[in-house]
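S.K.: Provided herewith: entry12.pdb, PDB, C-alpha atoms.
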```
ATOM      1  CA  GLU A  19     -16.357 -13.016 -11.462
ATOM      2  CA  ASP A  20     -18.433 -16.102 -12.183
ATOM      3  CA  GLU A  21     -19.983 -14.611 -15.299
ATOM      4  CA  SER A  22     -18.714 -15.550 -18.728
ATOM      5  CA  LYS A  23     -16.673 -13.075 -20.742
ATOM      6  CA  SER A  24     -19.577 -12.436 -23.077
ATOM      7  CA  GLU A  25     -21.765 -11.560 -20.129
ATOM      8  CA  ARG A  26     -19.123  -9.269 -18.625
ATOM      9  CA  THR A  27     -18.735  -7.244 -21.826
ATOM     10  CA  LYS A  28     -22.422  -6.475 -22.182
ATOM     11  CA  GLU A  29     -23.603  -2.943 -21.597
ATOM     12  CA  PRO A  30     -25.041  -2.597 -18.084
ATOM     13  CA  THR A  31     -28.810  -2.196 -18.016
ATOM     14  CA  GLN A  32     -28.569   0.488 -15.341
ATOM     15  CA  PRO A  33     -25.843   2.969 -14.382
ATOM     16  CA  ARG A  34     -23.380   1.646 -11.840
ATOM     17  CA  ASP A  35     -23.160   3.257  -8.419
ATOM     18  CA  HIS A  36     -19.468   4.142  -7.943
ATOM     19  CA  ARG A  37     -18.461   4.684  -4.336
ATOM     20  CA  ASP A  38     -15.026   3.088  -4.024
ATOM     21  CA  TRP A  39     -12.113   4.177  -6.250
ATOM     22  CA  GLN A  40     -10.608   0.688  -6.095
ATOM     23  CA  ASN A  41     -13.765  -1.010  -7.325
ATOM     24  CA  LEU A  42     -14.424   1.739  -9.858
ATOM     25  CA  THR A  43     -10.979   1.401 -11.417
ATOM     26  CA  GLY A  44     -11.032  -2.378 -11.367
ATOM     27  CA  TRP A  45     -14.484  -2.645 -12.927
ATOM     28  CA  ARG A  46     -13.657  -0.073 -15.583
ATOM     29  CA  ILE A  47     -10.433  -1.597 -16.873
ATOM     30  CA  GLY A  48     -10.452  -5.256 -15.945
ATOM     31  CA  TRP A  49     -13.973  -6.645 -15.602
ATOM     32  CA  GLY A  50     -13.562  -7.465 -11.952
ATOM     33  CA  GLU A  51      -9.797  -6.959 -11.476
ATOM     34  CA  GLU A  52      -9.515  -5.596  -7.945
ATOM     35  CA  THR A  53      -7.050  -2.741  -8.294
ATOM     36  CA  HIS A  54      -5.052  -1.478  -5.361
ATOM     37  CA  SER A  55      -2.167   0.486  -6.889
ATOM     38  CA  VAL A  56      -2.012   3.054  -9.674
ATOM     39  CA  CYS A  57       1.176   4.651 -11.007
ATOM     40  CA  CYS A  58       1.692   7.184 -13.826
ATOM     41  CA  CYS A  59       5.084   6.712 -15.486
ATOM     42  CA  ASN A  60       6.635   7.410 -18.887
ATOM     43  CA  GLY A  61       3.387   8.862 -20.242
ATOM     44  CA  LYS A  62       1.432   5.718 -19.364
ATOM     45  CA  ILE A  63      -0.868   4.595 -16.572
ATOM     46  CA  TYR A  64      -0.099   1.326 -14.787
ATOM     47  CA  TRP A  65      -2.549  -0.548 -12.574
ATOM     48  CA  GLY A  66      -1.445  -3.162 -10.087
ATOM     49  CA  SER A  67      -4.060  -5.880  -9.782
ATOM     50  CA  LEU A  68      -4.668  -7.949  -6.657
ATOM     51  CA  ASN A  69      -5.548 -10.759  -9.078
ATOM     52  CA  GLY A  70      -1.941 -11.033 -10.222
ATOM     53  CA  LYS A  71      -1.733  -8.786 -13.286
ATOM     54  CA  LEU A  72       0.084  -5.643 -14.373
ATOM     55  CA  LEU A  73      -2.213  -3.570 -16.590
ATOM     56  CA  MET A  74      -1.062  -0.651 -18.736
ATOM     57  CA  LEU A  75      -2.989   2.067 -20.515
ATOM     58  CA  ASP A  76      -1.287   4.351 -23.050
ATOM     59  CA  PRO A  77      -3.501   7.461 -23.386
ATOM     60  CA  SER A  78      -1.671   8.540 -26.547
ATOM     61  CA  LEU A  79      -2.837   5.363 -28.301
ATOM     62  CA  THR A  80      -6.229   5.048 -26.638
ATOM     63  CA  PRO A  81      -7.544   8.433 -25.495
ATOM     64  CA  VAL A  82     -10.228   7.988 -22.867
ATOM     65  CA  ASP A  83     -12.461  10.614 -21.312
ATOM     66  CA  LEU A  84     -12.876   9.320 -17.751
ATOM     67  CA  SER A  85     -15.715  11.724 -16.962
ATOM     68  CA  SER A  86     -17.904  10.984 -20.004
ATOM     69  CA  ASP A  87     -17.190   7.237 -20.003
ATOM     70  CA  MET A  88     -18.031   6.761 -16.330
ATOM     71  CA  ASP A  89     -20.943   4.405 -16.902
ATOM     72  CA  GLN A  90     -19.682   2.542 -19.960
ATOM     73  CA  ASN A  91     -17.618  -0.603 -20.300
ATOM     74  CA  TRP A  92     -14.244  -0.207 -21.971
ATOM     75  CA  ALA A  93     -13.272  -2.174 -25.050
ATOM     76  CA  PRO A  94     -10.805  -5.063 -24.502
ATOM     77  CA  ASN A  95      -8.011  -3.272 -26.376
ATOM     78  CA  VAL A  96      -7.945  -0.269 -24.064
ATOM     79  CA  TYR A  97      -5.199  -1.760 -21.897
ATOM     80  CA  ASN A  98      -2.302  -4.171 -22.267
ATOM     81  CA  ASP A  99      -2.273  -7.187 -19.973
ATOM     82  CA  MET A 100       1.456  -7.450 -19.204
ATOM     83  CA  LYS A 101       3.104 -10.819 -18.584
ATOM     84  CA  TRP A 102       3.433 -11.113 -14.811
ATOM     85  CA  ASN A 103       4.709 -13.998 -12.678
ATOM     86  CA  TYR A 104       4.795 -12.367  -9.255
ATOM     87  CA  LYS A 105       1.170 -12.689  -8.122
ATOM     88  CA  SER A 106      -0.832  -9.796  -6.684
ATOM     89  CA  ILE A 107       0.585  -6.267  -6.767
ATOM     90  CA  CYS A 108       0.019  -4.514  -3.448
ATOM     91  CA  CYS A 109       1.945  -1.247  -3.909
ATOM     92  CA  MET A 110       3.936   0.720  -6.494
ATOM     93  CA  ASP A 111       6.426   3.606  -6.597
ATOM     94  CA  ARG A 112       8.168   5.191  -9.582
ATOM     95  CA  TYR A 113      11.627   6.639 -10.175
ATOM     96  CA  ASN A 114      12.906   9.002 -12.880
ATOM     97  CA  ASP A 115       9.720   8.567 -14.939
ATOM     98  CA  ARG A 116      11.006   5.228 -16.193
ATOM     99  CA  PHE A 117      11.230   2.579 -13.458
ATOM    100  CA  ILE A 118       8.436   1.267 -11.237
ATOM    101  CA  VAL A 119       9.061  -0.835  -8.158
ATOM    102  CA  CYS A 120       6.194  -3.160  -7.208
ATOM    103  CA  GLY A 121       5.542  -4.895  -3.914
ATOM    104  CA  CYS A 122       3.972  -8.305  -4.603
ATOM    105  CA  CYS A 123       2.448 -11.319  -2.878
ATOM    106  CA  SER A 124       4.794 -14.008  -4.184
ATOM    107  CA  ASP A 125       6.880 -16.044  -1.727
ATOM    108  CA  LYS A 126      10.048 -15.017  -3.556
ATOM    109  CA  ASP A 127      10.889 -12.208  -5.981
ATOM    110  CA  ASN A 128       8.256 -10.072  -4.280
ATOM    111  CA  VAL A 129      10.034  -6.737  -4.834
ATOM    112  CA  VAL A 130      10.015  -6.216  -8.600
ATOM    113  CA  ILE A 131      11.581  -3.419 -10.681
ATOM    114  CA  TYR A 132       9.775  -2.851 -13.962
ATOM    115  CA  ASP A 133      11.302  -0.841 -16.846
ATOM    116  CA  THR A 134       8.541   1.080 -18.632
ATOM    117  CA  GLU A 135      10.725   1.758 -21.699
ATOM    118  CA  THR A 136      11.532  -1.871 -22.447
ATOM    119  CA  GLU A 137       8.298  -3.128 -20.815
ATOM    120  CA  GLN A 138      10.357  -5.787 -19.031
ATOM    121  CA  VAL A 139      11.173  -6.744 -15.456
ATOM    122  CA  SER A 140      14.773  -5.633 -14.867
ATOM    123  CA  LYS A 141      15.426  -6.922 -11.310
ATOM    124  CA  THR A 142      13.752  -8.705  -8.423
ATOM    125  CA  PHE A 143      14.477  -9.007  -4.699
ATOM    126  CA  THR A 144      12.960 -11.244  -2.021
ATOM    127  CA  HIS A 145      11.710  -9.680   1.193
ATOM    128  CA  LYS A 146      11.603 -12.733   3.472
ATOM    129  CA  GLY A 147       8.939 -13.221   6.102
ATOM    130  CA  GLU A 148       6.836 -16.019   7.498
ATOM    131  CA  LYS A 149       3.137 -15.841   6.698
ATOM    132  CA  PRO A 150       0.714 -16.317   9.588
ATOM    133  CA  LYS A 151      -1.207 -19.586   9.750
ATOM    134  CA  GLN A 152      -4.445 -17.620   9.584
ATOM    135  CA  TYR A 153      -4.872 -14.180   8.090
ATOM    136  CA  CYS A 154      -6.224 -11.932  10.791
ATOM    137  CA  THR A 155      -5.171  -8.582   9.386
ATOM    138  CA  TRP A 156      -6.734  -6.106   7.004
ATOM    139  CA  HIS A 157      -4.733  -7.307   3.984
ATOM    140  CA  GLY A 158      -2.649 -10.452   3.447
ATOM    141  CA  TYR A 159       0.312  -8.726   1.800
ATOM    142  CA  ASP A 160       3.803 -10.167   1.507
ATOM    143  CA  VAL A 161       5.175  -6.715   0.662
ATOM    144  CA  SER A 162       2.885  -3.873   1.697
ATOM    145  CA  ALA A 163       5.019  -0.783   0.909
ATOM    146  CA  VAL A 164       7.905   0.174  -1.395
ATOM    147  CA  ASN A 165       9.832   3.417  -1.828
ATOM    148  CA  TRP A 166      12.804   4.658  -3.891
ATOM    149  CA  ALA A 167      15.545   6.766  -2.246
ATOM    150  CA  ASN A 168      19.058   8.164  -2.718
ATOM    151  CA  SER A 169      18.672   9.030  -6.412
ATOM    152  CA  GLY A 170      17.394   5.581  -7.285
ATOM    153  CA  GLN A 171      20.310   3.736  -5.665
ATOM    154  CA  TRP A 172      18.205   2.302  -2.857
ATOM    155  CA  ILE A 173      14.783   0.758  -2.437
ATOM    156  CA  PHE A 174      12.972   0.253   0.864
ATOM    157  CA  SER A 175      10.376  -2.506   1.190
ATOM    158  CA  GLY A 176       7.951  -3.042   4.066
ATOM    159  CA  SER A 177       6.057  -6.177   5.101
ATOM    160  CA  PRO A 178       3.463  -7.040   7.779
ATOM    161  CA  PHE A 179       4.694 -10.627   8.122
ATOM    162  CA  SER A 180       7.148 -11.916  10.715
ATOM    163  CA  GLY A 181      10.765 -11.012  10.153
ATOM    164  CA  PRO A 182      12.137  -7.563   9.358
ATOM    165  CA  GLY A 183       9.408  -4.964   9.037
ATOM    166  CA  VAL A 184      11.510  -2.969   6.542
ATOM    167  CA  VAL A 185      14.430  -3.987   4.320
ATOM    168  CA  GLN A 186      16.828  -1.626   2.540
ATOM    169  CA  TRP A 187      18.154  -2.754  -0.868
ATOM    170  CA  ASP A 188      21.069  -1.753  -3.101
ATOM    171  CA  VAL A 189      19.503  -1.531  -6.560
ATOM    172  CA  GLU A 190      22.712  -1.899  -8.608
ATOM    173  CA  THR A 191      24.113  -4.958  -6.823
ATOM    174  CA  GLY A 192      20.762  -6.462  -5.836
ATOM    175  CA  THR A 193      22.001  -7.028  -2.299
ATOM    176  CA  GLN A 194      20.364  -6.312   1.031
ATOM    177  CA  ILE A 195      21.899  -3.361   2.875
ATOM    178  CA  ALA A 196      20.042  -3.526   6.187
ATOM    179  CA  GLU A 197      17.022  -4.896   8.057
ATOM    180  CA  TYR A 198      14.891  -2.871  10.469
ATOM    181  CA  ASP A 199      13.174  -4.883  13.188
ATOM    182  CA  HIS A 200       9.995  -3.154  14.382
ATOM    183  CA  ARG A 201       9.247  -5.857  16.935
ATOM    184  CA  LYS A 202      12.544  -5.700  18.841
ATOM    185  CA  ASN A 203      10.966  -4.345  22.033
ATOM    186  CA  TRP A 204       7.533  -5.939  21.600
ATOM    187  CA  ASP A 205       6.214  -8.031  24.482
ATOM    188  CA  GLY A 206       4.366 -10.343  22.059
ATOM    189  CA  LYS A 207       0.906  -9.291  23.232
ATOM    190  CA  ARG A 208      -1.578  -9.251  20.369
ATOM    191  CA  GLU A 209      -4.556  -6.923  19.944
ATOM    192  CA  PRO A 210      -8.157  -7.409  18.786
ATOM    193  CA  ALA A 211      -8.512  -6.921  15.036
ATOM    194  CA  LEU A 212     -11.153  -7.047  12.330
ATOM    195  CA  TYR A 213     -10.431 -10.782  12.007
ATOM    196  CA  GLY A 214      -9.256 -12.450  15.208
ATOM    197  CA  THR A 215      -6.206 -10.760  16.736
ATOM    198  CA  ARG A 216      -3.300  -8.868  15.234
ATOM    199  CA  ASP A 217       0.327  -7.965  15.707
ATOM    200  CA  PRO A 218       0.302  -4.187  16.444
ATOM    201  CA  HIS A 219       3.636  -3.720  14.643
ATOM    202  CA  GLU A 220       2.702  -5.016  11.172
ATOM    203  CA  ILE A 221       4.086  -2.570   8.608
ATOM    204  CA  TYR A 222       1.786  -1.178   5.899
ATOM    205  CA  GLY A 223       3.150   2.308   5.155
ATOM    206  CA  LEU A 224       6.628   3.593   4.287
ATOM    207  CA  ARG A 225       8.192   6.896   3.240
ATOM    208  CA  ALA A 226      11.935   7.639   2.999
ATOM    209  CA  THR A 227      13.706  10.967   2.695
ATOM    210  CA  LYS A 228      15.194  11.826  -0.687
ATOM    211  CA  ASP A 229      18.721  10.930   0.400
ATOM    212  CA  GLY A 230      17.550   7.800   2.211
ATOM    213  CA  SER A 231      19.157   8.838   5.496
ATOM    214  CA  MET A 232      15.862   8.432   7.363
ATOM    215  CA  PHE A 233      12.479   6.835   6.809
ATOM    216  CA  VAL A 234       9.082   6.661   8.494
ATOM    217  CA  SER A 235       7.061   3.447   8.583
ATOM    218  CA  GLY A 236       3.504   2.890   9.762
ATOM    219  CA  SER A 237       1.582   0.043  11.410
ATOM    220  CA  TYR A 238      -1.966  -0.018  12.767
ATOM    221  CA  ARG A 239      -1.281   2.365  15.648
ATOM    222  CA  TYR A 240       2.311   3.555  15.406
ATOM    223  CA  LEU A 241       4.654   5.666  13.289
ATOM    224  CA  TYR A 242       8.343   4.688  13.438
ATOM    225  CA  LEU A 243      11.227   7.028  12.612
ATOM    226  CA  TRP A 244      14.444   5.233  11.640
ATOM    227  CA  ASP A 245      17.964   6.532  10.956
ATOM    228  CA  THR A 246      19.560   4.398   8.229
ATOM    229  CA  ARG A 247      23.060   5.708   9.008
ATOM    230  CA  SER A 248      23.022   4.233  12.517
ATOM    231  CA  GLN A 249      20.305   1.661  11.650
ATOM    232  CA  GLN A 250      18.554   2.634  14.888
ATOM    233  CA  LEU A 251      14.968   3.444  15.772
ATOM    234  CA  VAL A 252      14.915   7.145  16.626
ATOM    235  CA  LYS A 253      11.316   7.523  17.761
ATOM    236  CA  GLN A 254       8.075   5.545  17.968
ATOM    237  CA  THR A 255       4.962   7.743  17.887
ATOM    238  CA  GLU A 256       1.513   6.505  18.862
ATOM    239  CA  PHE A 257      -0.988   7.697  16.263
ATOM    240  CA  TYR A 258      -4.057   5.815  17.509
ATOM    241  CA  PRO A 259      -4.905   4.753  21.070
ATOM    242  CA  PRO A 260      -4.849   1.088  22.151
ATOM    243  CA  PRO A 261      -8.048  -0.981  22.327
ATOM    244  CA  SER A 262     -10.400   0.405  24.939
ATOM    245  CA  LYS A 263     -11.838  -2.948  26.005
ATOM    246  CA  GLN A 264     -11.157  -6.658  25.971
ATOM    247  CA  PHE A 265     -13.436  -9.424  24.736
ATOM    248  CA  ASP A 266     -14.760 -12.610  26.250
ATOM    249  CA  ARG A 267     -15.824 -13.945  22.882
ATOM    250  CA  GLU A 268     -13.797 -13.620  19.692
ATOM    251  CA  GLU A 269     -16.965 -13.189  17.609
ATOM    252  CA  ASP A 270     -17.539  -9.859  19.362
ATOM    253  CA  ILE A 271     -14.357  -8.382  17.919
ATOM    254  CA  PRO A 272     -15.284  -7.487  14.305
ATOM    255  CA  ALA A 273     -18.421  -5.505  15.168
ATOM    256  CA  TYR A 274     -16.485  -3.498  17.733
ATOM    257  CA  TRP A 275     -13.424  -2.842  15.604
ATOM    258  CA  ALA A 276     -15.449  -1.787  12.580
ATOM    259  CA  ASN A 277     -16.033   1.467  14.481
ATOM    260  CA  GLN A 278     -12.550   1.886  15.923
ATOM    261  CA  GLU A 279      -9.983   4.405  14.705
ATOM    262  CA  SER A 280      -7.192   1.872  14.279
ATOM    263  CA  ALA A 281      -9.264  -0.748  12.457
ATOM    264  CA  TYR A 282      -7.294   0.126   9.301
ATOM    265  CA  PRO A 283      -3.496   0.519   9.102
ATOM    266  CA  LEU A 284      -1.492   3.696   8.560
ATOM    267  CA  GLU A 285      -0.409   3.464   4.928
ATOM    268  CA  SER A 286      -1.176   6.937   3.544
ATOM    269  CA  PHE A 287       1.444   9.504   4.538
ATOM    270  CA  GLY A 288       4.240  11.539   3.005
ATOM    271  CA  PHE A 289       6.222  14.758   3.059
ATOM    272  CA  SER A 290       4.098  17.825   2.350
ATOM    273  CA  ASN A 291       6.838  20.318   1.457
ATOM    274  CA  PRO A 292       9.955  20.165  -0.773
ATOM    275  CA  ALA A 293      12.337  20.582   2.161
ATOM    276  CA  GLN A 294      10.801  17.481   3.787
ATOM    277  CA  THR A 295      10.362  19.190   7.146
ATOM    278  CA  LEU A 296       6.652  18.368   7.354
ATOM    279  CA  LEU A 297       5.127  14.885   7.425
ATOM    280  CA  THR A 298       1.378  14.570   6.881
ATOM    281  CA  VAL A 299      -0.498  11.408   7.861
ATOM    282  CA  PHE A 300      -4.043  10.424   6.848
ATOM    283  CA  GLY A 301      -6.087   8.153   9.089
ATOM    284  CA  GLN A 302      -8.495   5.912   7.193
ATOM    285  CA  ARG A 303     -11.370   4.597   9.285
ATOM    286  CA  ILE A 304     -12.113   7.939  10.944
ATOM    287  CA  ALA A 305     -11.026  10.828   8.719
ATOM    288  CA  LYS A 306      -8.018  12.292  10.486
ATOM    289  CA  VAL A 307      -5.261  14.492   9.068
ATOM    290  CA  VAL A 308      -2.180  14.986  11.239
ATOM    291  CA  THR A 309       0.958  16.981  10.444
ATOM    292  CA  TYR A 310       4.263  16.484  12.270
ATOM    293  CA  GLU A 311       7.477  18.448  12.222
ATOM    294  CA  PHE A 312      10.183  16.277  10.678
ATOM    295  CA  PRO A 313      12.437  14.755  11.920
ATOM    296  CA  SER A 314      11.485  15.712  15.498
ATOM    297  CA  MET A 315       8.005  14.165  14.976
ATOM    298  CA  GLU A 316       6.513  16.898  17.145
ATOM    299  CA  LEU A 317       2.800  17.387  16.549
ATOM    300  CA  ILE A 318       1.928  20.535  14.592
ATOM    301  CA  SER A 319      -1.757  20.078  13.778
ATOM    302  CA  SER A 320      -4.536  17.510  13.871
ATOM    303  CA  SER A 321      -8.002  17.722  12.366
ATOM    304  CA  GLU A 322     -10.963  15.533  11.473
ATOM    305  CA  PRO A 323     -12.437  17.054   8.302
ATOM    306  CA  LYS A 324     -16.015  16.268   7.390
ATOM    307  CA  PHE A 325     -16.226  14.887   3.871
ATOM    308  CA  LYS A 326     -19.500  14.830   1.978
ATOM    309  CA  GLU A 327     -20.548  11.422   0.758
ATOM    310  CA  PHE A 328     -19.694  10.919  -2.913
ATOM    311  CA  GLN A 329     -22.961  10.807  -4.858
TER     312      GLN A 329
END
```
Using structure tokens, write down the structure that the file contains.
M.R.:
Amino acid sequence: EDESKSERTKEPTQPRDHRDWQNLTGWRIGWGEETHSVCCCNGKIYWGSLNGKLLMLDPSLTPVDLSSDMDQNWAPNVYNDMKWNYKSICCMDRYNDRFIVCGCCSDKDNVVIYDTETEQVSKTFTHKGEKPKQYCTWHGYDVSAVNWANSGQWIFSGSPFSGPGVVQWDVETGTQIAEYDHRKNWDGKREPALYGTRDPHEIYGLRATKDGSMFVSGSYRYLYLWDTRSQQLVKQTEFYPPPSKQFDREEDIPAYWANQESAYPLESFGFSNPAQTLLTVFGQRIAKVVTYEFPSMELISSSEPKFKEFQ
């Protein structure tokens, strides 16, 4: 990042060792843009940058062979650097192959609807929450998850900060329909984390049913099933166990939690059949794939597949 542009565009002297899809994508298209979200919409590929940019690649105008170009820098005109005033993009979800909703790190207007036909922002909402004085979580997101529902009439947004964990929005009117408080029954006791301590109910994952009548949200250790009709929490399922020990010194925490199952939040899950009767969840730190019956959230299967290291 400290190198000049001329230095960044030089051909590398040796092939790069690609092990992380985020770093691979960011290095390939943005010379150091750390990319966290990718969305295919309207025949184009959109990248959400944690450095506060929306990047777009149109394959019809700039065909790129990802396999053959793996170890080559891309030319500057491969992507369009869209005008963006909403800081880092943490998550994206598309609707009807035209609209993309982005969860961003701005203090206001942090839920952004982008029209891929006009290439303009059409609407913004503000998911309110108070940022912690010191970041002690895996990511410092204002909005960590977004999801369309009910034929594009609603959007759900999730946030790890204080305040409502999930907010439901009316897209047409731009008004807030409901808030869902994940900390209502929390005793306030914090847990050891990668950095200091953490709130165990910070929301990082979100998936709503097609009609928006129910949704599942995920924190570090829990899955929450909500009914939007009654606006009530139906069930809270423990996915990972609580910390197995306490610490006398805070500096002991990171080394311990680097090897713990719940060191990383539950943000990768979704329905695995068209009828939406199966919910599959992927654990991150220790590879774990769990399938639940939906909406009962009864466990169907759990496995820890062994993945070969990507060479």
S.K.: Please report the interatomic distance between atom CA of A:Met315 and atom CA of A:Ser180 in Å with one decimal.
M.R.: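 Answer for the atom CA of A:Met315 to atom CA of A:Ser180 separation: 26.4 Å.
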S.K.: Quick one: what's the axis-aligned box for stretch 279-294 of chain A, all listed atoms, 6 Å on every side, centre and edges in Å to one decimal, as lines of an AutoDock Vina configuration file?
M.R.:
```
center_x = 1.2
center_y = 9.9
center_z = 7.0
size_x = 34.3
size_y = 33.3
size_z = 27.5
```
S.K.: Since I can't run it myself right now, could you work out what the PyMOL selection byres ((chain A and resi 317) around 12) selects here and report it as a ChimeraX atom specification?
M.R.: /A:255-257,296-299,307-316,318-321
S.K.: To one decimal in Å, tell me the separation between atom CA of A:Tyr258 and atom CA of A:Arg201.
M.R.: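 Distance reported for this atom pair: 17.7 Å.
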S.K.: Do a neighbour search on stretch 56-60 of chain A at 9 Å with all atoms listed in the file, toss out local chain neighbours closer than 6 positions, and write the hits as a JSON list (two decimals) with C-alpha atoms, in the frame of the given file.
M.R.:
```
[["chain", "number", "residue", "atom", "x", "y", "z"],
["A", 66, "GLY", "CA", -1.44, -3.16, -10.09],
["A", 109, "CYS", "CA", 1.94, -1.25, -3.91],
["A", 110, "MET", "CA", 3.94, 0.72, -6.49],
["A", 111, "ASP", "CA", 6.43, 3.61, -6.60],
["A", 112, "ARG", "CA", 8.17, 5.19, -9.58],
["A", 113, "TYR", "CA", 11.63, 6.64, -10.18],
["A", 114, "ASN", "CA", 12.91, 9.00, -12.88],
["A", 115, "ASP", "CA", 9.72, 8.57, -14.94],
["A", 116, "ARG", "CA", 11.01, 5.23, -16.19],
["A", 117, "PHE", "CA", 11.23, 2.58, -13.46],
["A", 118, "ILE", "CA", 8.44, 1.27, -11.24],
["A", 134, "THR", "CA", 8.54, 1.08, -18.63],
["A", 135, "GLU", "CA", 10.72, 1.76, -21.70]]
```
S.K.: Given only C-alpha atoms as the basis, pick out the residue of A:Trp65, A:Trp204, A:Tyr198, A:Tyr222 nearest to A:Ser177.
M.R.: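 Selected residue with least distance to A:Ser177: A:Tyr222.
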S.K.: Where does the PyMOL selection byres ((chain A and resi 193) around 12) land in this file, that is, which residues does it pick, as a PyMOL selection string?
M.R.: chain A and resi 141-145+171-173+185-192+194-197
S.K.: Taking 2 positions as the minimum chain separation for residues in the same chain, which residues sit within 9 Å of A:Phe174 when counting all atoms listed in the file? Answer as a list in words.
M.R.: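 Once the adjacent positions are removed, what remains is Ala163, Val164, Asn165, Trp166, Ala167, Trp172, Gly176, Val184, Val185, Gln186, Trp187, Leu224, Arg225, Ala226, Gly230 and Phe233 of chain A.
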S.K.: Write the residues of the selection above to a file with C-alpha atoms, as a compact mmCIF listing (two decimals), keeping the file's coordinate frame.
M.R.:
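Printed below is again_34.txt as written:
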```
# COMPACT_ATOMS: atom_id res chain seq x y z
CA ALA A 163 5.02 -0.78 0.91
CA VAL A 164 7.90 0.17 -1.40
CA ASN A 165 9.83 3.42 -1.83
CA TRP A 166 12.80 4.66 -3.89
CA ALA A 167 15.54 6.77 -2.25
CA TRP A 172 18.20 2.30 -2.86
CA GLY A 176 7.95 -3.04 4.07
CA VAL A 184 11.51 -2.97 6.54
CA VAL A 185 14.43 -3.99 4.32
CA GLN A 186 16.83 -1.63 2.54
CA TRP A 187 18.15 -2.75 -0.87
CA LEU A 224 6.63 3.59 4.29
CA ARG A 225 8.19 6.90 3.24
CA ALA A 226 11.94 7.64 3.00
CA GLY A 230 17.55 7.80 2.21
CA PHE A 233 12.48 6.84 6.81
```
